[in-house]
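Engineer: This structure is in structure tokens; I'll ask about it shortly.
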Amino acid sequence: MPATVRTRIAPSPTGAPHLGTAYMALFNLAFARKHGGQFILRIEDTDRQRSSKESEEAIFDALHWTGIEWDEGPDCGGEHGPYRQSERLDLYKQEINRLLEKGHAYRCFCTPERLNELRAKQMANKETPRYDGHCLSLSPEESAKRAKSEPFVVRMKIPESGECTFTDELRGDVSIDWTQIDHQVIRKTDGFPTYHLANVVDDHYMGISHVIRGEEWISSTPKHVLLYQYLEWEVPVFAHLPLLRNPDKSKLSKRKNPTGIFYFRDAGYLPEALINYLGMMGYTLPDQREIFSINELSESFDLKRISLGGPIFDLAKLKWLNGRYLREQLQPEEVVQRLQTWKANPNFLEKILPLALQRLETFSDFFPLAQFLFSDQPEYDLETLTGKLQSDQPAKLLKIAEWELEKASPWNRHTLSSIFQKIAETEEMKLKQLMPLFFVAMSGAPVSLPLFDALALLGPDLTRMRLRSALTILGESGNGLSKKGLKSLEKDYASRYGNRID
RNA sequence: GUCCCGUUCGUCUAGCCAGGUUAGGACACCGGGUUUUCAUCCCGGCAACAGGGGUUCGAAUCCCCUACGGGACGCCA
């Protein structure tokens, strides 16, 4: 074990903060604490198209909410900063040049078109898609000359034969043939490094001793190991944790499950219960206790106790655990406190009031009207939901809305309004015909507070869940989309609305 | 398709590394009790070592094969 244990979590600020980030963060934190080390937060914003400041802020907020604390990070600083990759470009440039000079990497001038063709051909021949080394033969002089006038990427060289063996703390030795590994791009045309390069450079300069990350990274670990060797750096310890799964065992995804950390906050879960639950996914404390805090987890934490089968995220058990926290871990006055922090506060009520005021005669009208903004999932029956719409219309419309709403950014009244306008136009319906379905799916009643404002308050996570459960209800009653129907709808959607982004 | 990883009740898991347990606990479910209802709480029940070969006196535990599941194969991370 190295003198100082340093672990990190390195989320990329694209989209909503993910439960998986909190999951990985938890074990990284516990391991660092157990060994008296440090836990670092690093923002991996090398994807210029998709990274956003809002998303970065959201990561801080979400992680703070969970109670996970980091010793160094972009917001709190530290001795190994900056902790944002977009602020470390000189460093990557320097290391890329070193690799270039040593002949461990080379410039590639191939066009995306050529690469796509190549990939398609290889796929057709049932080969593993892989760069063919086209630009490998360029002389250093020619390469340097062309670089002055042409766009290029930098790729790392990969041995032509043999295999890479590295040790995973949890699985022992893992061997992968070099022939399976692509000549990975390490510098993009825009001059930014890719994850593979940036994470190795940063982990080295930040003194990361243990790389504890998701299983999805196993197959690219040889690239990382090779980069450490090329750069003549010490290779950190790797530990690949199992991935959280959907009930169908696929990797946890927002199409099938709530995965946004904010969903759990907004749906009324306690952060300590959520974290406790994540802590029991793939892990048990030596004494098998089921209620524990981050500190308690850290005290006895042992990587070797992690079980490798991918755990299925089970909302029912999380709810049970949350209930136990409410009635066993908190004093009643604390629960009142938490309720206020959640939604029972003047700030939230003030946002609702303008929507409800015209509809009030007495105070007692208020909560029944606003009820759906406080509940996890409103209830209604099938007939109320479908209303006057025919056959598979409701399911189609809900699905289209689900896809369209993924594009809603920023999530506000205006955006939401234009999305529904667009759906109405595209479907050649009047907004008036379209809306009842959504009023019911969202609020449980055909009439309710102004929908777009209400959705803005509800947030994307709760909204998505409600759309989805409406679809489930339709499906269970035989009014859902068949597999075939869904497929043709997807195609149809792509042609009329554009590509999905989820 | 190729490569890699995995596999104990429906779900989360203990046990495996250092072979000998009636394979334990929790969620869910079912039944009973307490409670003016409901919930909580208490008691009980259901339910698993993926399959096949070895090694061994003895295999959930060690080895091999098969099956199944998952992940990766981007100028995403």
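Residues in the structure tokens are numbered from 1 in each chain, the chains being A, B, ... in the order shown, and ligands are numbered from 1 in the order shown.
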Just list as JSON, numbers by chain whatever in region 195-313 of chain A DSSP marks as strand (DSSP E or B).

Structural biologist: {"A": [210, 211, 212, 213, 214, 237, 238, 239, 240, 241, 245, 251, 260, 312]}

Engineer: At a cut-off of 8 Å, which residues of chain A touch chain B? Count only C-alpha atoms (C1' of nucleotides) and give the answer as an MDAnalysis selection string.

Structural biologist: chainID A and resid 11:12 44 47 123 126:129 153 176:177 180 185 187:189 194:195 215:220 249:251 280:284 288 290 308:312 314 316:317 320

Engineer: Excluding G19 (chain B) and any residue of its chain fewer than 2 positions from it, enumerate the residues within 9 Å of it, using only C-alpha atoms (C1' of nucleotides), and give them as JSON, numbers by chain.

Structural biologist: {"B": [56, 58, 59, 61, 62]}

Engineer: Those residues with C-alpha atoms (C1' of nucleotides), as a compact mmCIF listing (two decimals), in the first residue's frame please?

Structural biologist:
```txt
# COMPACT_ATOMS: atom_id res chain seq x y z
C1' U B 56 -11.26 -35.04 -2.02
C1' G B 58 -16.21 -34.90 2.30
C1' A B 59 -17.34 -29.27 -2.43
C1' U B 61 -16.33 -23.25 -1.01
C1' C B 62 -10.56 -25.65 -5.12
```

Engineer: For Trp411 (chain A), find every residue with an atom within 9 Å (counting only C-alpha atoms (C1' of nucleotides)), except residues of its own chain fewer than 4 positions away, and show them as an MDAnalysis selection string.

Structural biologist: chainID A and resid 405 415:416 455:456 459:460

Engineer: Output N, CA and C atoms for every residue in the selection just made, as an mmCIF file, in the first residue's frame.

Structural biologist:
```cif
data_model
loop_
_atom_site.group_PDB
_atom_site.id
_atom_site.type_symbol
_atom_site.label_atom_id
_atom_site.label_comp_id
_atom_site.auth_asym_id
_atom_site.auth_seq_id
_atom_site.Cartn_x
_atom_site.Cartn_y
_atom_site.Cartn_z
ATOM 1 N N LEU A 405 -38.994 15.679 -24.156
ATOM 2 C CA LEU A 405 -38.657 16.366 -22.911
ATOM 3 C C LEU A 405 -37.202 16.157 -22.511
ATOM 4 N N THR A 415 -39.621 26.646 -22.228
ATOM 5 C CA THR A 415 -39.159 25.476 -22.976
ATOM 6 C C THR A 415 -40.253 24.418 -23.048
ATOM 7 N N LEU A 416 -40.863 24.161 -21.908
ATOM 8 C CA LEU A 416 -41.877 23.119 -21.846
ATOM 9 C C LEU A 416 -43.049 23.465 -22.748
ATOM 10 N N LEU A 455 -45.056 21.563 -14.274
ATOM 11 C CA LEU A 455 -43.947 20.688 -14.659
ATOM 12 C C LEU A 455 -42.608 21.320 -14.333
ATOM 13 N N ALA A 456 -42.561 22.638 -14.507
ATOM 14 C CA ALA A 456 -41.323 23.339 -14.185
ATOM 15 C C ALA A 456 -40.987 23.126 -12.712
ATOM 16 N N GLY A 459 -39.946 19.336 -11.973
ATOM 17 C CA GLY A 459 -38.585 18.960 -12.372
ATOM 18 C C GLY A 459 -38.587 17.791 -13.349
ATOM 19 N N PRO A 460 -37.489 17.643 -14.084
ATOM 20 C CA PRO A 460 -37.424 16.620 -15.130
ATOM 21 C C PRO A 460 -37.516 15.182 -14.613
#
```

Engineer: Which residues are close to Asp453 (chain A), i.e. within 12 Å by only C-alpha atoms (C1' of nucleotides), leaving aside same-chain residues fewer than 5 positions away? Reply as a PyMOL selection string.

Structural biologist: chain A and resi 351-356+370+373+411-417+439+442+448+458-459

Engineer: What's the 9 Å shell around Asn276 (chain A), counting only C-alpha atoms (C1' of nucleotides), without same-chain residues fewer than 3 positions away, as a ChimeraX atom specification?

Structural biologist: /A:271-273,279-280,290-294,297,318,321

Engineer: Among region 263-335 of chain A, which residues carry a DSSP assignment of helix (DSSP H, G or I), reported as an NGL selection string?

Structural biologist: :A and (263-266 or 271-279 or 294-299 or 303-305 or 315-329 or 332-335)

Engineer: Rounded to one decimal in Å, what is the spacing between CA of Ile68 (chain A) and CA of Val201 (chain A)?

Structural biologist: 25.0 Å

Engineer: Using CA of Gln94 (chain A) and CA of Leu197 (chain A) as the two end points, give the distance in Å to one decimal.

Structural biologist: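 CA of Leu197 (chain A) lies at a distance of 11.7 Å from CA of Gln94 (chain A).
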
Engineer: Residues at most 8 Å from C49 (chain B), counting only C-alpha atoms (C1' of nucleotides), excluding those fewer than 6 positions away in the same chain, as a CSV table (one decimal) with N, CA, C and O atoms (P, O5', C5', C4', C3', O3' and C1' of nucleotides), in the first residue's frame?

Structural biologist:
```csv
chain,number,residue,atom,x,y,z
B,8,U,P,-25.7,-15.3,-7.8
B,8,U,O5',-25.7,-16.5,-6.7
B,8,U,C5',-26.0,-17.8,-7.1
B,8,U,C4',-26.5,-18.6,-5.8
B,8,U,C3',-27.7,-18.0,-5.2
B,8,U,O3',-28.9,-18.4,-5.8
B,8,U,C1',-26.1,-18.4,-3.5
B,23,A,P,-27.9,-27.2,5.4
B,23,A,O5',-28.5,-25.7,5.4
B,23,A,C5',-28.1,-24.7,6.4
B,23,A,C4',-27.5,-23.5,5.8
B,23,A,C3',-28.4,-22.5,5.3
B,23,A,O3',-28.9,-21.7,6.4
B,23,A,C1',-26.8,-22.8,3.7
B,60,A,P,-21.7,-28.6,-1.7
B,60,A,O5',-22.1,-27.0,-2.1
B,60,A,C5',-22.3,-26.7,-3.4
B,60,A,C4',-21.9,-25.2,-3.6
B,60,A,C3',-20.4,-24.9,-3.5
B,60,A,O3',-19.8,-25.1,-4.8
B,60,A,C1',-21.6,-23.4,-2.2
```
